[in-house]
Amino acid sequence: MSETLKVAMPKGRIYKKAANLFRAAGLPIPTEVDETRKLVIALPELDMEFILAKPVDVPTYVEYGAADIGIVGKDVLMEENRDVYELLDLGIAKCRMSVIGLPNWQPGIQQRVATKYPNVASQYFREQGQQVEVIKLNGSIELAPLIGLADRIVDMVETGQTLKENGLVEMNQIFEITSRLIANRVSYRMKNGPIQSLCDRLQKAIAAEV
Ligand code: PRP
């Protein structure tokens, strides 16, 4: 097995924070990578290859070994429940998973919850002993209670701005979210040297930033 580390990086809101953490850890990711539309980027001077994936797919690439390691939000990890090692809490992209509704919400006979995270939502309400129908949506979840598709939603809250602008309130927090470093189980053994050394560098950078 080559020692080049294949790293699944999430495109979108986490990418820049993750790339900057790598830079702080002494791994100079060229700034062109931040803007590129290329999906596979060789970084020979770092013995790495970046795979720019849709965030929700990062654990899948890592589980199947198409990537050795990856960076992914705890929200996606909980929802996807893939067979990967969670190595490190990177402390970036902090937010929370919450139950959200209209301020005048009352429990009705039929309760419908809209979410991008059906597994997380189903498990949460099962544990709470609440019978709800979970409706999967792919985005703009806050629309659902506003137009009567669902009476509550389960979604990520970061600044709270989306809730505020749509007159919604956070009712319960389910868990805290940060980005995590994950690894394929076989890669973790076969490429333990480079993975461990990356973890050490990242850990130092995280400690320095706190
Ligand atoms: C996420 C999430 C909320 C919003 C929370 O949506 O689903 O809608 O961000 O952020 P805030 O608390 O800072 O307002 P995203 O922007 O990823 O888009 P989406 O609606 O397409 O999922």
# chains A, B, ... in the order shown; residues from 1 in each chain; ligands from 1
>>> select_by_dssp(residues="range 40-183 of chain A", states="strand (DSSP E or B)", output="PyMOL selection string")
chain A and resi 40-43+48-53+69-73+85-89+95-101+112-115+133-136+152-157+169-177+179-183
>>> closest_atom_pairs(of="chain A", to="ligand 1", cutoff="7 Å", atoms="only C-alpha atoms and all ligand atoms", output="tab-separated table")
residue	atom	partner	partner_atom_place_in_ligand_line	distance
A:Asn138	CA	ligand 1	22 (O)	6.6
A:Gly139	CA	ligand 1	21 (O)	3.7
A:Ser140	CA	ligand 1	20 (O)	3.5
A:Ile141	CA	ligand 1	20 (O)	5.8
A:Glu142	CA	ligand 1	8 (O)	6.3
A:Asp155	CA	ligand 1	7 (O)	5.5
A:Met156	CA	ligand 1	2 (C)	4.7
A:Val157	CA	ligand 1	12 (O)	3.9
A:Glu158	CA	ligand 1	12 (O)	3.6
A:Thr159	CA	ligand 1	13 (O)	3.6
A:Gly160	CA	ligand 1	12 (O)	3.5
A:Gln161	CA	ligand 1	14 (O)	3.9
A:Thr162	CA	ligand 1	14 (O)	3.6
A:Leu163	CA	ligand 1	14 (O)	6.3
>>> write_last_selection(atoms="C-alpha atoms", output="PDB file, in the first residue's frame")
ATOM      1  CA  ASN A 138     -33.169  17.792   1.611  1.00  0.00           C
ATOM      2  CA  GLY A 139     -32.826  21.433   2.618  1.00  0.00           C
ATOM      3  CA  SER A 140     -34.619  24.632   3.661  1.00  0.00           C
ATOM      4  CA  ILE A 141     -36.093  22.548   6.490  1.00  0.00           C
ATOM      5  CA  GLU A 142     -37.412  25.653   8.269  1.00  0.00           C
ATOM      6  CA  ASP A 155     -32.087  20.596  12.218  1.00  0.00           C
ATOM      7  CA  MET A 156     -28.701  22.187  12.760  1.00  0.00           C
ATOM      8  CA  VAL A 157     -28.534  25.546  14.505  1.00  0.00           C
ATOM      9  CA  GLU A 158     -25.353  27.566  14.150  1.00  0.00           C
ATOM     10  CA  THR A 159     -25.927  31.291  14.692  1.00  0.00           C
ATOM     11  CA  GLY A 160     -29.712  30.987  15.146  1.00  0.00           C
ATOM     12  CA  GLN A 161     -30.240  33.527  12.377  1.00  0.00           C
ATOM     13  CA  THR A 162     -32.372  31.245  10.194  1.00  0.00           C
ATOM     14  CA  LEU A 163     -34.688  30.513  13.137  1.00  0.00           C
TER      15      LEU A 163
END
>>> closest_residue(among="A:Gly91, A:Pro44, A:Pro59, A:Pro194", to="Lys17 in chain A", atoms="only C-alpha atoms")
A:Gly91
>>> closest_residue(among="A:Lys94, A:Arg23, A:Lys116, A:Lys11", to="Ala205 in chain A", atoms="only C-alpha atoms")
A:Arg23
>>> closest_residue(among="A:Leu5, A:Val186, A:Thr60, A:Ile174", to="Gln123 in chain A", atoms="only C-alpha atoms")
A:Ile174
>>> closest_residue(among="A:Gly129, A:Pro10, A:Pro103, A:Gly26", to="Val76 in chain A", atoms="only C-alpha atoms")
A:Pro10
>>> residues_around(residues="Gly108 in chain A", least_positions_apart="3", cutoff="12 Å", atoms="only C-alpha atoms", output="NGL selection string")
:A and (104-105 or 111-112 or 130-132 or 150-152)
>>> decode(residues="range 82-93 of chain A", atoms="all heavy atoms", output="short mmCIF file (atom, residue, chain, number, x, y, z; two decimals), in the first residue's frame")
data_model
loop_
_atom_site.label_atom_id
_atom_site.label_comp_id
_atom_site.auth_asym_id
_atom_site.auth_seq_id
_atom_site.Cartn_x
_atom_site.Cartn_y
_atom_site.Cartn_z
N ARG A 82 -21.76 4.94 9.82
CA ARG A 82 -20.87 4.09 9.03
C ARG A 82 -19.81 3.44 9.90
O ARG A 82 -19.49 3.92 10.98
CB ARG A 82 -20.18 4.94 7.95
CG ARG A 82 -21.12 5.44 6.89
CD ARG A 82 -21.39 4.36 5.88
NE ARG A 82 -22.39 4.74 4.91
CZ ARG A 82 -22.79 3.92 3.95
NH1 ARG A 82 -22.31 2.70 3.86
NH2 ARG A 82 -23.69 4.31 3.10
N ASP A 83 -19.24 2.35 9.38
CA ASP A 83 -18.25 1.59 10.13
C ASP A 83 -16.87 2.21 9.91
O ASP A 83 -16.10 1.77 9.05
CB ASP A 83 -18.29 0.14 9.64
CG ASP A 83 -17.39 -0.75 10.46
OD1 ASP A 83 -17.03 -0.37 11.59
OD2 ASP A 83 -17.01 -1.83 9.96
N VAL A 84 -16.58 3.27 10.65
CA VAL A 84 -15.30 3.98 10.53
C VAL A 84 -14.79 4.30 11.93
O VAL A 84 -15.56 4.26 12.89
CB VAL A 84 -15.46 5.32 9.74
CG1 VAL A 84 -15.86 5.07 8.30
CG2 VAL A 84 -16.46 6.26 10.42
N TYR A 85 -13.49 4.57 12.03
CA TYR A 85 -12.96 5.04 13.32
C TYR A 85 -13.11 6.55 13.40
O TYR A 85 -12.81 7.26 12.44
CB TYR A 85 -11.46 4.74 13.43
CG TYR A 85 -11.10 3.31 13.68
CD1 TYR A 85 -10.13 2.68 12.90
CD2 TYR A 85 -11.70 2.57 14.71
CE1 TYR A 85 -9.78 1.36 13.12
CE2 TYR A 85 -11.35 1.26 14.93
CZ TYR A 85 -10.39 0.67 14.13
OH TYR A 85 -10.04 -0.64 14.35
N GLU A 86 -13.55 7.03 14.56
CA GLU A 86 -13.56 8.48 14.80
C GLU A 86 -12.30 8.79 15.59
O GLU A 86 -12.14 8.33 16.72
CB GLU A 86 -14.83 8.84 15.60
CG GLU A 86 -15.02 10.32 15.73
CD GLU A 86 -16.27 10.68 16.54
OE1 GLU A 86 -17.30 10.00 16.41
OE2 GLU A 86 -16.18 11.65 17.31
N LEU A 87 -11.36 9.53 14.97
CA LEU A 87 -10.04 9.68 15.59
C LEU A 87 -9.90 10.93 16.43
O LEU A 87 -9.23 10.94 17.45
CB LEU A 87 -8.94 9.71 14.51
CG LEU A 87 -8.79 8.46 13.63
CD1 LEU A 87 -7.64 8.67 12.65
CD2 LEU A 87 -8.55 7.22 14.49
N LEU A 88 -10.51 12.02 15.95
CA LEU A 88 -10.20 13.31 16.58
C LEU A 88 -11.38 14.28 16.44
O LEU A 88 -11.99 14.34 15.38
CB LEU A 88 -8.99 13.87 15.83
CG LEU A 88 -8.04 14.84 16.51
CD1 LEU A 88 -7.51 14.24 17.79
CD2 LEU A 88 -6.88 15.17 15.54
N ASP A 89 -11.64 15.00 17.53
CA ASP A 89 -12.60 16.12 17.47
C ASP A 89 -11.80 17.35 17.05
O ASP A 89 -10.92 17.80 17.78
CB ASP A 89 -13.23 16.32 18.85
CG ASP A 89 -14.26 17.43 18.85
OD1 ASP A 89 -14.31 18.22 17.88
OD2 ASP A 89 -15.04 17.52 19.82
N LEU A 90 -12.09 17.87 15.87
CA LEU A 90 -11.29 18.99 15.35
C LEU A 90 -11.74 20.33 15.94
O LEU A 90 -11.06 21.34 15.76
CB LEU A 90 -11.37 19.03 13.82
CG LEU A 90 -10.90 17.75 13.11
CD1 LEU A 90 -11.12 17.87 11.61
CD2 LEU A 90 -9.42 17.48 13.40
N GLY A 91 -12.87 20.34 16.58
CA GLY A 91 -13.34 21.56 17.27
C GLY A 91 -13.81 22.67 16.33
O GLY A 91 -14.12 23.76 16.79
N ILE A 92 -13.85 22.39 15.02
CA ILE A 92 -14.26 23.43 14.07
C ILE A 92 -15.73 23.22 13.67
O ILE A 92 -16.29 22.16 13.88
CB ILE A 92 -13.38 23.45 12.80
CG1 ILE A 92 -13.33 22.06 12.16
CG2 ILE A 92 -11.98 23.97 13.12
CD1 ILE A 92 -12.65 22.04 10.79
N ALA A 93 -16.31 24.27 13.07
CA ALA A 93 -17.70 24.23 12.57
C ALA A 93 -18.67 23.83 13.69
O ALA A 93 -19.49 22.94 13.54
CB ALA A 93 -17.80 23.29 11.37
#
